[in-house]
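Enquirer: Input structure: data20.cif, which contains mmCIF, C-alpha atoms and all ligand atoms.
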data_structure
#
loop_
_atom_site.label_atom_id
_atom_site.label_comp_id
_atom_site.auth_asym_id
_atom_site.auth_seq_id
_atom_site.Cartn_x
_atom_site.Cartn_y
_atom_site.Cartn_z
CA MET A 1 7.84 -48.84 43.00
CA SER A 2 6.17 -52.26 43.44
CA SER A 3 4.14 -54.06 40.74
CA THR A 4 0.93 -52.82 42.41
CA GLY A 5 1.92 -49.21 41.73
CA ILE A 6 2.45 -48.48 45.44
CA SER A 7 5.82 -46.90 46.16
CA ASP A 8 8.28 -48.29 48.71
CA GLU A 9 7.92 -45.03 50.65
CA ASP A 10 4.14 -45.55 50.87
CA ILE A 11 4.66 -49.08 52.16
CA LEU A 12 7.19 -47.87 54.71
CA LEU A 13 4.88 -45.05 55.86
CA ALA A 14 1.98 -47.51 56.23
CA GLN A 15 4.18 -49.82 58.31
CA ARG A 16 5.27 -46.96 60.54
CA ILE A 17 1.66 -45.82 61.11
CA ILE A 18 0.48 -49.33 61.96
CA SER A 19 3.47 -49.85 64.21
CA ALA A 20 2.93 -46.54 66.05
CA ALA A 21 -0.76 -47.45 66.47
CA SER A 22 0.11 -50.86 67.92
CA ARG A 23 2.56 -49.22 70.39
CA HIS A 24 -0.14 -46.63 71.27
CA ASP A 25 2.45 -43.97 70.50
CA THR A 26 0.07 -41.07 69.89
CA GLU A 27 2.89 -38.50 69.56
CA ALA A 28 4.50 -40.44 66.69
CA LEU A 29 1.09 -41.05 65.14
CA LYS A 30 0.26 -37.34 65.18
CA ILE A 31 3.45 -36.56 63.29
CA LEU A 32 2.93 -39.36 60.74
CA LEU A 33 -0.70 -38.40 60.12
CA LYS A 34 0.21 -34.72 59.83
CA SER A 35 2.92 -35.47 57.28
CA GLY A 36 0.43 -36.95 54.80
CA GLY A 37 -0.07 -40.42 56.26
CA SER A 38 -3.56 -41.91 56.21
CA ALA A 39 -5.41 -43.41 59.19
CA ASN A 40 -6.73 -46.05 56.80
CA VAL A 41 -3.55 -47.74 55.57
CA ARG A 42 -3.48 -51.55 55.60
CA ASP A 43 -0.79 -54.17 55.69
CA ASP A 44 -0.87 -57.44 53.76
CA THR A 45 -3.15 -59.04 56.40
CA ARG A 46 -5.63 -56.17 55.83
CA THR A 47 -4.81 -54.89 59.33
CA THR A 48 -5.55 -51.17 59.72
CA PRO A 49 -4.11 -48.88 62.42
CA LEU A 50 -7.38 -49.29 64.37
CA HIS A 51 -7.05 -53.09 64.27
CA ALA A 52 -3.42 -52.85 65.36
CA ALA A 53 -4.11 -50.43 68.23
CA ILE A 54 -6.95 -52.54 69.61
CA ALA A 55 -5.29 -55.93 69.08
CA ALA A 56 -2.40 -54.72 71.27
CA GLY A 57 -4.81 -53.69 74.00
CA THR A 58 -5.24 -55.21 77.45
CA LYS A 59 -7.43 -54.24 80.40
CA GLU A 60 -4.30 -52.63 81.92
CA ASN A 61 -3.46 -50.36 78.99
CA GLU A 62 -7.05 -49.69 77.85
CA LYS A 63 -6.76 -45.93 78.51
CA LYS A 64 -3.88 -45.70 76.01
CA VAL A 65 -5.88 -47.69 73.47
CA VAL A 66 -8.82 -45.30 73.91
CA ASP A 67 -6.52 -42.31 73.24
CA THR A 68 -5.00 -43.96 70.16
CA VAL A 69 -8.37 -45.01 68.77
CA GLY A 70 -9.74 -41.51 69.43
CA LEU A 71 -6.87 -39.95 67.50
CA LEU A 72 -7.31 -42.35 64.57
CA LEU A 73 -11.07 -41.73 64.43
CA GLN A 74 -10.46 -37.97 64.46
CA HIS A 75 -8.29 -38.52 61.39
CA GLY A 76 -11.04 -40.32 59.52
CA ALA A 77 -10.28 -43.96 60.36
CA ILE A 78 -13.05 -46.21 59.02
CA TRP A 79 -14.90 -48.13 61.77
CA ASN A 80 -15.92 -51.21 59.80
CA ASP A 81 -12.98 -52.39 57.69
CA THR A 82 -12.40 -56.12 58.18
CA ASP A 83 -9.03 -57.81 58.48
CA LYS A 84 -8.13 -61.25 57.18
CA ARG A 85 -9.93 -62.88 60.15
CA ASP A 86 -13.06 -61.01 59.05
CA GLU A 87 -12.95 -58.91 62.21
CA THR A 88 -13.68 -55.19 62.42
CA PRO A 89 -11.68 -53.25 65.04
CA GLY A 90 -14.79 -53.30 67.26
CA CYS A 91 -15.01 -57.11 66.95
CA ILE A 92 -11.46 -57.33 68.35
CA ALA A 93 -12.32 -54.99 71.25
CA LEU A 94 -15.31 -57.18 72.09
CA ARG A 95 -13.27 -60.39 71.87
CA LEU A 96 -10.59 -58.93 74.18
CA GLY A 97 -13.16 -57.61 76.65
CA LEU A 98 -12.11 -53.96 76.17
CA GLN A 99 -15.49 -52.50 77.04
CA GLU A 100 -14.56 -48.80 76.82
CA VAL A 101 -12.91 -49.27 73.44
CA TYR A 102 -15.88 -51.32 72.22
CA SER A 103 -18.25 -48.48 73.22
CA GLN A 104 -15.98 -46.02 71.42
CA MET A 105 -16.21 -48.13 68.24
CA VAL A 106 -20.00 -48.46 68.58
CA GLU A 107 -20.27 -44.65 68.89
CA ALA A 108 -18.06 -44.24 65.80
CA GLY A 109 -20.32 -46.67 63.92
CA VAL A 110 -23.47 -44.85 65.03
CA ARG A 111 -22.06 -41.50 63.82
CA ALA A 112 -21.03 -42.99 60.48
CA GLU A 113 -24.37 -44.75 59.94
CA LEU A 114 -26.40 -41.64 60.82
CA LEU A 115 -24.37 -39.68 58.28
CA PHE A 116 -24.64 -42.46 55.71
CA ASN A 117 -28.42 -42.66 56.17
CA ALA A 118 -28.74 -38.89 55.93
CA LEU A 119 -26.75 -38.88 52.70
CA GLY A 120 -28.79 -41.86 51.52
CA SER A 121 -32.03 -40.00 52.02
CA ILE A 122 -30.67 -37.01 50.11
CA GLU A 123 -29.80 -39.39 47.27
CA ARG A 124 -33.25 -40.94 47.37
CA ASP A 125 -34.83 -37.51 47.33
CA MET A 126 -32.88 -36.89 44.14
CA GLU A 127 -34.14 -40.24 42.77
CA ASP A 128 -30.58 -41.29 42.33
CA VAL A 129 -30.58 -44.75 43.90
CA GLU A 130 -28.51 -47.22 41.94
CA TYR A 131 -29.07 -50.96 42.15
CA ASP A 132 -26.40 -53.48 41.34
CA GLU A 133 -28.08 -55.25 38.44
CA GLU A 134 -25.43 -57.99 38.49
CA ASP A 135 -26.48 -59.28 41.90
CA ASP A 136 -29.32 -61.78 41.62
CA ASP A 137 -29.90 -62.39 45.37
CA VAL A 138 -33.63 -61.67 45.64
CA GLU A 139 -33.18 -60.59 49.27
CA LEU A 140 -31.54 -57.40 48.04
CA ASP A 141 -34.60 -55.99 46.37
CA ASN A 142 -38.20 -56.11 47.60
CA SER A 143 -39.84 -56.41 44.18
CA SER A 144 -37.46 -59.23 43.08
CA TYR A 145 -38.30 -61.04 46.32
CA LEU A 146 -42.04 -60.54 45.84
CA ASN A 147 -41.75 -62.03 42.32
CA SER A 148 -39.65 -64.98 43.47
CA THR A 149 -40.79 -68.50 44.30
CA LEU A 150 -40.93 -69.42 48.00
CA ARG A 151 -40.64 -72.84 49.63
CA TYR A 152 -42.41 -73.66 52.88
CA ARG A 153 -40.64 -76.43 54.77
CA LYS A 154 -41.37 -77.76 58.24
CA ASP A 155 -39.47 -75.17 60.27
CA ILE A 156 -38.42 -72.67 57.66
CA LEU A 157 -39.61 -70.46 54.83
CA LEU A 158 -37.01 -70.05 52.05
CA ASP A 159 -36.82 -67.65 49.11
CA SER A 160 -35.53 -68.63 45.66
CA SER A 161 -31.94 -67.59 46.62
CA ASN A 162 -32.12 -69.89 49.67
CA ASN A 163 -32.27 -67.04 52.15
CA ALA A 164 -34.29 -67.98 55.21
CA VAL A 165 -37.28 -65.61 55.20
CA MET A 166 -38.52 -66.94 58.55
CA MET A 167 -37.58 -69.78 60.90
CA SER A 168 -39.48 -71.48 63.68
CA TRP A 169 -36.70 -70.92 66.27
CA GLU A 170 -38.03 -67.33 66.39
CA THR A 171 -41.32 -68.46 67.94
CA GLU A 172 -40.39 -67.27 71.45
CA ILE A 173 -39.44 -63.85 70.05
CA MET A 174 -42.72 -63.60 68.09
CA THR A 175 -44.70 -64.69 71.15
CA ARG A 176 -43.11 -62.02 73.30
CA HIS A 177 -43.75 -59.36 70.63
CA ALA A 178 -47.44 -60.31 70.63
CA GLU A 179 -47.56 -60.31 74.45
CA THR A 180 -45.95 -56.89 74.78
CA LEU A 181 -48.14 -55.33 72.07
CA LEU A 182 -51.42 -56.87 73.21
CA PRO A 183 -51.37 -56.94 77.04
CA LYS A 184 -55.17 -57.50 77.16
CA PRO A 185 -57.96 -58.74 74.86
CA GLY A 186 -60.14 -56.46 72.73
CA LEU A 187 -57.36 -54.41 71.14
CA ARG A 188 -57.08 -53.32 67.49
CA ALA A 189 -53.93 -54.85 66.01
CA MET A 190 -52.04 -54.94 62.73
CA ASN A 191 -49.19 -57.18 61.58
CA VAL A 192 -47.19 -56.41 58.45
CA GLY A 193 -45.66 -59.56 56.92
CA HIS A 194 -47.36 -62.93 57.61
CA GLY A 195 -44.40 -65.23 56.75
CA MET A 196 -44.98 -68.48 58.66
CA GLY A 197 -47.90 -66.94 60.55
CA ILE A 198 -46.20 -67.28 63.92
CA VAL A 199 -46.80 -63.77 65.21
CA ASP A 200 -50.31 -63.69 63.72
CA GLY A 201 -51.12 -66.94 65.55
CA GLN A 202 -49.95 -65.33 68.79
CA ILE A 203 -51.94 -62.16 68.14
CA GLN A 204 -55.08 -64.28 67.61
CA LEU A 205 -54.49 -66.04 70.93
CA ARG A 206 -54.67 -62.66 72.65
CA GLY A 207 -58.26 -61.97 71.50
CA PRO A 208 -57.94 -58.84 69.38
CA ALA A 209 -61.08 -56.88 68.46
CA GLU A 210 -59.52 -56.22 65.03
CA HIS A 211 -56.63 -58.06 63.43
CA HIS A 212 -55.32 -56.57 60.20
CA ILE A 213 -52.66 -58.45 58.22
CA ILE A 214 -50.78 -56.85 55.35
CA GLU A 215 -49.05 -59.34 53.06
CA ALA A 216 -47.67 -58.90 49.57
CA HIS A 217 -46.27 -62.24 48.40
CA PRO A 218 -48.78 -64.27 46.33
CA GLN A 219 -47.65 -67.60 47.82
CA VAL A 220 -47.97 -66.33 51.37
CA LEU A 221 -51.46 -65.05 50.52
CA GLN A 222 -52.26 -68.50 49.13
CA ARG A 223 -51.05 -69.99 52.41
CA LEU A 224 -53.29 -67.57 54.35
CA ARG A 225 -56.22 -68.86 52.26
CA GLU A 226 -55.34 -72.52 52.77
CA THR A 227 -54.92 -72.14 56.51
CA GLY A 228 -58.27 -70.45 57.04
CA TRP A 229 -57.16 -66.94 57.89
CA TYR A 230 -59.72 -65.35 55.54
CA ASP A 231 -62.54 -67.02 57.49
CA LYS A 232 -61.67 -65.67 60.92
CA PRO A 233 -64.31 -63.08 61.89
CA ASN A 234 -62.03 -60.38 63.28
CA VAL A 235 -59.30 -60.71 60.62
CA THR A 236 -58.91 -58.38 57.63
CA ILE A 237 -56.27 -59.28 55.05
CA TRP A 238 -54.83 -56.49 53.02
CA GLU A 239 -53.36 -58.02 49.87
CA GLY A 240 -50.42 -56.02 48.64
CA ARG A 241 -47.32 -54.14 49.72
CA TRP A 242 -47.67 -52.08 52.88
CA GLN A 243 -46.59 -49.10 50.75
CA ASP A 244 -49.90 -49.44 48.85
CA MET A 245 -52.12 -50.77 51.64
CA VAL A 246 -51.31 -48.29 54.42
CA PRO A 247 -52.70 -45.26 52.52
CA LYS A 248 -55.95 -47.21 52.00
CA MET A 249 -56.17 -47.94 55.72
CA VAL A 250 -55.52 -44.30 56.58
CA GLU A 251 -58.23 -43.27 54.09
CA LYS A 252 -60.68 -45.67 55.74
CA GLY A 253 -59.95 -44.14 59.14
CA VAL A 254 -58.40 -47.28 60.70
CA VAL A 255 -56.95 -46.60 64.19
CA LEU A 256 -54.80 -49.21 65.95
CA ASP A 257 -53.65 -50.04 69.47
CA ALA A 258 -50.84 -52.35 68.32
CA ILE A 259 -48.68 -52.44 65.20
CA TYR A 260 -46.03 -55.04 64.40
CA TYR A 261 -43.67 -54.77 61.40
CA ASP A 262 -41.58 -57.67 60.09
CA THR A 263 -41.13 -57.69 56.33
CA PHE A 264 -38.36 -59.13 54.18
CA ALA A 265 -35.96 -57.77 51.56
CA GLU A 266 -36.57 -54.26 52.79
CA ASP A 267 -33.77 -52.00 53.98
CA TYR A 268 -33.52 -49.60 56.91
CA ALA A 269 -34.82 -46.71 54.76
CA ALA A 270 -38.02 -48.69 54.06
CA TYR A 271 -38.43 -49.36 57.79
CA LYS A 272 -38.13 -45.64 58.53
CA ALA A 273 -40.63 -44.88 55.79
CA PHE A 274 -43.04 -47.36 57.43
CA VAL A 275 -42.70 -45.57 60.78
CA GLU A 276 -43.44 -42.23 59.14
CA GLU A 277 -46.17 -43.31 56.72
CA GLY A 278 -47.70 -46.24 58.62
CA VAL A 279 -47.15 -46.05 62.36
CA ILE A 280 -47.58 -42.32 62.97
CA PRO A 281 -50.91 -42.00 61.12
CA LEU A 282 -52.43 -45.34 62.23
CA LEU A 283 -51.36 -45.75 65.87
CA ASP A 284 -53.65 -44.47 68.64
CA ASN A 285 -52.08 -42.07 71.16
CA ASP A 286 -51.66 -44.81 73.76
CA GLY A 287 -50.82 -47.53 71.22
CA LYS A 288 -47.69 -49.65 70.96
CA PHE A 289 -45.42 -50.33 68.04
CA GLY A 290 -43.07 -53.32 67.78
CA TRP A 291 -40.75 -54.37 64.98
CA TYR A 292 -38.45 -57.21 64.18
CA ASN A 293 -35.03 -56.08 65.34
CA GLY A 294 -32.75 -58.13 63.11
CA LEU A 295 -30.57 -55.63 61.31
CA GLY A 296 -26.87 -56.50 61.63
CA ALA A 297 -27.62 -59.68 63.63
CA ASP A 298 -24.73 -61.57 62.02
CA ARG A 299 -22.15 -59.34 63.80
CA GLN A 300 -22.51 -58.04 67.38
CA ILE A 301 -21.12 -54.57 66.73
CA CYS A 302 -23.40 -54.00 63.75
CA TYR A 303 -26.39 -55.11 65.83
CA ASP A 304 -25.42 -52.76 68.67
CA ILE A 305 -24.94 -49.88 66.25
CA TYR A 306 -28.25 -50.39 64.47
CA THR A 307 -30.11 -50.80 67.74
CA LYS A 308 -28.82 -47.36 68.78
CA VAL A 309 -29.41 -45.76 65.37
CA ALA A 310 -33.01 -47.02 65.38
CA GLU A 311 -33.59 -45.72 68.90
CA MET A 312 -32.29 -42.28 67.90
CA ASP A 313 -34.36 -42.19 64.71
CA LEU A 314 -37.48 -43.30 66.57
CA TYR A 315 -36.92 -40.55 69.12
CA GLU A 316 -36.77 -38.04 66.24
CA PHE A 317 -40.12 -39.43 65.06
CA GLY A 318 -41.58 -38.89 68.55
CA PHE A 319 -41.26 -42.37 70.08
CA ASP A 320 -39.83 -43.66 73.35
CA THR A 321 -38.19 -47.08 73.11
CA THR A 322 -37.87 -49.70 75.81
CA TRP A 323 -35.86 -52.85 75.23
CA GLU A 324 -36.27 -56.38 76.50
CA ASP A 325 -33.42 -58.85 76.05
CA ILE A 326 -34.27 -62.38 74.95
CA PRO A 327 -31.51 -65.00 74.68
CA VAL A 328 -31.76 -66.96 71.42
CA PRO A 329 -32.15 -70.74 71.83
CA ALA A 330 -29.03 -72.52 73.09
CA GLY A 331 -27.31 -74.49 70.33
CA LEU A 332 -28.75 -72.35 67.51
CA HIS A 333 -25.39 -71.26 66.12
CA GLY A 334 -23.95 -73.79 63.70
CA SER A 335 -26.96 -76.07 64.14
CA ALA A 336 -28.71 -78.17 61.47
CA GLU A 337 -31.54 -75.60 61.46
CA TRP A 338 -29.53 -73.59 58.95
CA GLU A 339 -29.10 -76.45 56.50
CA GLY A 340 -30.08 -75.45 52.97
CA THR A 341 -29.78 -71.70 53.69
CA VAL A 342 -27.11 -69.54 52.06
CA ARG A 343 -25.92 -68.14 55.38
CA PRO A 344 -27.14 -67.79 58.94
CA TYR A 345 -28.67 -64.34 59.35
CA TRP A 346 -28.42 -64.67 63.15
CA THR A 347 -25.08 -65.37 64.88
CA ILE A 348 -25.38 -63.35 68.10
CA ASP A 349 -26.69 -64.48 71.47
CA VAL A 350 -29.35 -61.98 72.48
CA TYR A 351 -32.39 -60.56 70.67
CA ARG A 352 -33.19 -57.02 71.77
CA LEU A 353 -36.94 -56.64 71.60
CA PRO A 354 -38.19 -53.07 71.10
CA ILE A 355 -41.45 -51.61 72.39
CA ASN A 356 -42.27 -48.12 71.15
CA THR A 357 -44.83 -45.67 72.47
CA PHE A 358 -45.43 -42.02 71.62
CA ILE A 359 -43.39 -39.67 73.82
CA LYS A 360 -45.80 -38.06 76.27
C1 LIG A 401 -39.92 -62.44 57.95
S1 LIG A 401 -41.47 -62.77 57.28
C2 LIG A 401 -42.55 -62.41 58.61
C3 LIG A 401 -42.57 -63.50 59.62
C4 LIG A 401 -43.70 -63.36 60.60
N1 LIG A 401 -43.38 -62.34 61.60
C5 LIG A 401 -43.99 -64.67 61.32
O1 LIG A 401 -44.21 -64.63 62.54
O2 LIG A 401 -44.00 -65.71 60.69
C6 LIG A 401 -41.68 -61.39 56.21
C7 LIG A 401 -43.00 -61.33 55.46
O3 LIG A 401 -43.14 -60.01 54.92
C8 LIG A 401 -43.69 -60.10 53.61
N2 LIG A 401 -43.34 -58.86 52.88
C9 LIG A 401 -42.14 -58.54 52.34
N3 LIG A 401 -42.18 -57.31 51.81
C10 LIG A 401 -43.43 -56.82 52.05
C11 LIG A 401 -44.06 -55.58 51.77
N4 LIG A 401 -43.42 -54.59 51.16
N5 LIG A 401 -45.34 -55.42 52.16
C12 LIG A 401 -46.01 -56.41 52.81
N6 LIG A 401 -45.46 -57.62 53.09
C13 LIG A 401 -44.18 -57.81 52.73
C14 LIG A 401 -43.06 -61.37 53.08
O4 LIG A 401 -43.72 -61.89 51.97
C15 LIG A 401 -43.10 -62.29 54.28
O5 LIG A 401 -44.30 -63.00 54.34
#
Let's see the structure in the file written out as structure tokens.

Expert:
Amino acid sequence: MSSTGISDEDILLAQRIISAASRHDTEALKILLKSGGSANVRDDTRTTPLHAAIAAGTKENEKKVVDTVGLLLQHGAIWNDTDKRDETPGCIALRLGLQEVYSQMVEAGVRAELLFNALGSIERDMEDVEYDEEDDDVELDNSSYLNSTLRYRKDILLDSSNNAVMMSWETEIMTRHAETLLPKPGLRAMNVGHGMGIVDGQIQLRGPAEHHIIEAHPQVLQRLRETGWYDKPNVTIWEGRWQDMVPKMVEKGVVLDAIYYDTFAEDYAAYKAFVEEGVIPLLDNDGKFGWYNGLGADRQICYDIYTKVAEMDLYEFGFDTTWEDIPVPAGLHGSAEWEGTVRPYWTIDVYRLPINTFIK
């Protein structure tokens, strides 16, 4: 027995499983997994059998990798463990250009996330959500964020934990969202989350008949005042959280042709709640819904998984989704734009812009 309490037999079994995975020896793996071995063992570099199987993959032996990965997933292998290089198994597949294996890992991630979200909603229904009170990053909790102090700088809006709330490099993305949602003047539009006002500026340029803005942070509201938004004739500012404002709009009978959603410090469950409570009741039959697609944007596989999960959830809610790919500005990664922020929230190359319409 080692000092960590793990027996020598356990260590040997883990080594044999990882070795069989890296040789793509599915027959040996079946025997090892049947005789009590786990598909989630790790060696001292935090390599799991999935990492090992994929890292030993090439374009020539990809079929064998697919079989090995399939077997490990059937035995409960976890899709998103990271090794000492901070790579998930899917990250390795992407780096090695193993497209079929990468798709297999994305599918595994989608299944796991759908299950996780379903369990999450059961928990929320039971009012059993636990917050980690130790963590003081205001990005993790919407009400902490809304009570925090913001700093507007030239090209960036920062929260009190130095998370970038919004950055000006996203202007092209915001412009395209406004263009896709408002293809002609005279439409009734709503934006949730003013931030730096980039998307609202673009909506204004497209001559909306109505322009509703929901914003909850007192400093952003102050900014809206200072920059003249309250004086624009077709603009209505709803001061408060969308959770409180949307029911008031529904009560007033507001109907919209275009809705855009881009808040901060809200999780995927909040986004789904907005679709259900905000988009479905407020959007006209032929209207369009767009949303900031940034979940998981610091890791390609997470982004691909959440893009799929969102599309599936939106379909369940009765929406078709079309996607438009927008490359992020060249030179963004590692650039000085991120100076002063805790971490870059965007490390991938392409923004996938969603446009949702009711299924006809
Ligand atoms: C990422 S910024 C939006 C950036 C904006 N799209 C732009 O073009 O500049 C997010 C905004 O959502 C606001 N916000 C966060 N939670 C909110 C909530 N629950 N209800 C309404 N606004 C919220 C934040 O204060 C912030 O102004």

Enquirer: Could you give me, as a PyMOL selection string, the residues within 12 Å of Leu71 of chain A, counting only C-alpha atoms and dropping anything in the same chain fewer than 2 positions from it?

Expert: chain A and resi 20-21+24-34+38-39+49-50+53+64-69+73-77+104

Enquirer: Would you tabulate, counting all atoms listed in the file, all residues of segment 276-331 of chain A that have an atom at most 9 Å from an atom of segment 240-251 of chain A, showing the closest pair of atoms and their distance in Å to one decimal, sorted by chain then ascending number, as JSON lines?

Expert:
{"residue": "A:Glu277", "atom": "CA", "partner": "A:Val246", "partner_atom": "CA", "distance": 7.5}
{"residue": "A:Gly278", "atom": "CA", "partner": "A:Val246", "partner_atom": "CA", "distance": 5.9}
{"residue": "A:Pro281", "atom": "CA", "partner": "A:Val250", "partner_atom": "CA", "distance": 6.9}
{"residue": "A:Leu282", "atom": "CA", "partner": "A:Val250", "partner_atom": "CA", "distance": 6.5}

Enquirer: I'd like the contact shell of segment 284-301 of chain A - 7 Å cut-off, all atoms listed in the file, skipping same-chain residues fewer than 6 positions apart - returned as a compact mmCIF listing (two decimals) with C-alpha atoms, in the coordinates of the input.

Expert:
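Resulting contents of around-v9.txt:
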# COMPACT_ATOMS: atom_id res chain seq x y z
CA GLY A 90 -14.79 -53.30 67.26
CA CYS A 91 -15.01 -57.11 66.95
CA VAL A 106 -20.00 -48.46 68.58
CA HIS A 177 -43.75 -59.36 70.63
CA LEU A 181 -48.14 -55.33 72.07
CA VAL A 255 -56.95 -46.60 64.19
CA LEU A 256 -54.80 -49.21 65.95
CA ASP A 257 -53.65 -50.04 69.47
CA ALA A 258 -50.84 -52.35 68.32
CA ILE A 259 -48.68 -52.44 65.20
CA TYR A 260 -46.03 -55.04 64.40
CA TYR A 261 -43.67 -54.77 61.40
CA ASP A 262 -41.58 -57.67 60.09
CA TYR A 345 -28.67 -64.34 59.35
CA TRP A 346 -28.42 -64.67 63.15
CA THR A 347 -25.08 -65.37 64.88
CA ILE A 348 -25.38 -63.35 68.10
CA ARG A 352 -33.19 -57.02 71.77
CA LEU A 353 -36.94 -56.64 71.60
CA PRO A 354 -38.19 -53.07 71.10
CA ILE A 355 -41.45 -51.61 72.39
CA ASN A 356 -42.27 -48.12 71.15
CA THR A 357 -44.83 -45.67 72.47
CA PHE A 358 -45.43 -42.02 71.62

Enquirer: Write out as JSON lines a residue-level contact list of chain A versus ligand LIG 401 (chain A) with cut-off 6 Å: for each qualifying residue the closest pair of atoms and the distance in Å to one decimal, counting all atoms listed in the file, rows sorted by chain and residue number upward.

Expert:
{"residue": "A:Asn142", "atom": "CA", "partner": "A:LIG401", "partner_atom": "N3", "distance": 5.9}
{"residue": "A:Val165", "atom": "CA", "partner": "A:LIG401", "partner_atom": "C1", "distance": 5.0}
{"residue": "A:Met166", "atom": "CA", "partner": "A:LIG401", "partner_atom": "C1", "distance": 4.8}
{"residue": "A:Met174", "atom": "CA", "partner": "A:LIG401", "partner_atom": "O1", "distance": 5.8}
{"residue": "A:Val192", "atom": "CA", "partner": "A:LIG401", "partner_atom": "N6", "distance": 5.8}
{"residue": "A:Gly193", "atom": "CA", "partner": "A:LIG401", "partner_atom": "O3", "distance": 3.2}
{"residue": "A:His194", "atom": "CA", "partner": "A:LIG401", "partner_atom": "O5", "distance": 4.5}
{"residue": "A:Gly195", "atom": "CA", "partner": "A:LIG401", "partner_atom": "O5", "distance": 3.3}
{"residue": "A:Met196", "atom": "CA", "partner": "A:LIG401", "partner_atom": "O2", "distance": 3.6}
{"residue": "A:Gly197", "atom": "CA", "partner": "A:LIG401", "partner_atom": "O2", "distance": 4.1}
{"residue": "A:Ile198", "atom": "CA", "partner": "A:LIG401", "partner_atom": "O1", "distance": 3.6}
{"residue": "A:Val199", "atom": "CA", "partner": "A:LIG401", "partner_atom": "O1", "distance": 3.8}
{"residue": "A:Ile214", "atom": "CA", "partner": "A:LIG401", "partner_atom": "C12", "distance": 5.4}
{"residue": "A:Glu215", "atom": "CA", "partner": "A:LIG401", "partner_atom": "N6", "distance": 4.0}
{"residue": "A:Ala216", "atom": "CA", "partner": "A:LIG401", "partner_atom": "N6", "distance": 4.3}
{"residue": "A:His217", "atom": "CA", "partner": "A:LIG401", "partner_atom": "O4", "distance": 4.4}
{"residue": "A:Val220", "atom": "CA", "partner": "A:LIG401", "partner_atom": "O5", "distance": 5.8}
{"residue": "A:Arg241", "atom": "CA", "partner": "A:LIG401", "partner_atom": "N5", "distance": 3.4}
{"residue": "A:Trp242", "atom": "CA", "partner": "A:LIG401", "partner_atom": "N5", "distance": 4.1}
{"residue": "A:Asp262", "atom": "CA", "partner": "A:LIG401", "partner_atom": "C2", "distance": 5.1}
{"residue": "A:Thr263", "atom": "CA", "partner": "A:LIG401", "partner_atom": "O3", "distance": 3.4}
{"residue": "A:Phe264", "atom": "CA", "partner": "A:LIG401", "partner_atom": "C9", "distance": 4.2}

Enquirer: Using Å and a single decimal, report how far atom CA of Glu113 of chain A sits from atom CA of Thr307 of chain A.

Expert: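 Those two atoms sit 11.4 Å apart.
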
Enquirer: Kindly give the distance, in Å, that separates atom CA of Ala112 of chain A and atom CA of Ile18 of chain A, rounded to a single decimal.

Expert: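 One can read the atom CA of Ala112 of chain A to atom CA of Ile18 of chain A distance as 22.5 Å.
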
Enquirer: For Asn117 of chain A, work out the shell of residues within 12 Å, counting only C-alpha atoms and skipping chain neighbours fewer than 6 positions away, then give it as a PyMOL selection string.

Expert: chain A and resi 109-111+123-124+267-270+272+306+309-310+313

Enquirer: Skip Leu187 of chain A itself and residues of its chain fewer than 3 positions away, then list as JSON, numbers by chain all residues within 9 Å of it, counting all atoms listed in the file.

Expert: {"A": [182, 183, 184, 206, 207, 208, 209, 210, 211, 256, 257, 258]}

Enquirer: May I ask for the distance between atom CA of Ile326 of chain A and atom CA of Ile173 of chain A, given in Å to one decimal place?

Expert: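 Pair atom CA of Ile326 of chain A / atom CA of Ile173 of chain A returns 7.3 Å.
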
Enquirer: Would you be able to write out as a ChimeraX atom specification which residues have an atom within 7 Å of (0.2, -52.8, 59.5) in the file's coordinates, counting all atoms listed in the file?

Expert: /A:14-15,18-19,42-43,47-49,52

Enquirer: Could you tell me which of A:Trp238, A:Tyr271, A:Tyr303, A:Trp169 comes closest to Leu224 of chain A if we count only C-alpha atoms?

Expert: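 Nearest to Leu224 of chain A: A:Trp238.
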
Enquirer: Which one of A:Gly57, A:Gly36, A:Pro218, A:Pro233 sits closest to Ser148 of chain A if you count only C-alpha atoms?

Expert: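 With only C-alpha atoms as the atom set, the closest residue is A:Pro218.
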
Enquirer: Determine, counting only C-alpha atoms, every residue of protein, DNA or RNA that lies within 8 Å of (-29.9, -72.5, 54.7) in the file coordinates, then give the result as an MDAnalysis selection string.

Expert: chainID A and resid 158 162:164 337:344

Enquirer: What lies within 12 Å of Lys232 of chain A using all atoms listed in the file, ignoring chain neighbours under 2 positions off, as a PyMOL selection string?

Expert: chain A and resi 200-201+204+207-213+224-225+227-230+234-237

Enquirer: Smallest atom-to-atom distance to Arg153 of chain A: which of A:Val101, A:Leu140, A:Val279, A:Met167, using all atoms listed in the file?

Expert: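 For Arg153 of chain A, the nearest of the candidates is A:Met167.
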
Enquirer: Which one is closest to Leu94 of chain A: A:Ser22, A:Thr171, A:Gln202, A:Thr58? Count all atoms listed in the file.

Expert: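 That would be A:Thr58, the residue with the smallest distance to Leu94 of chain A.
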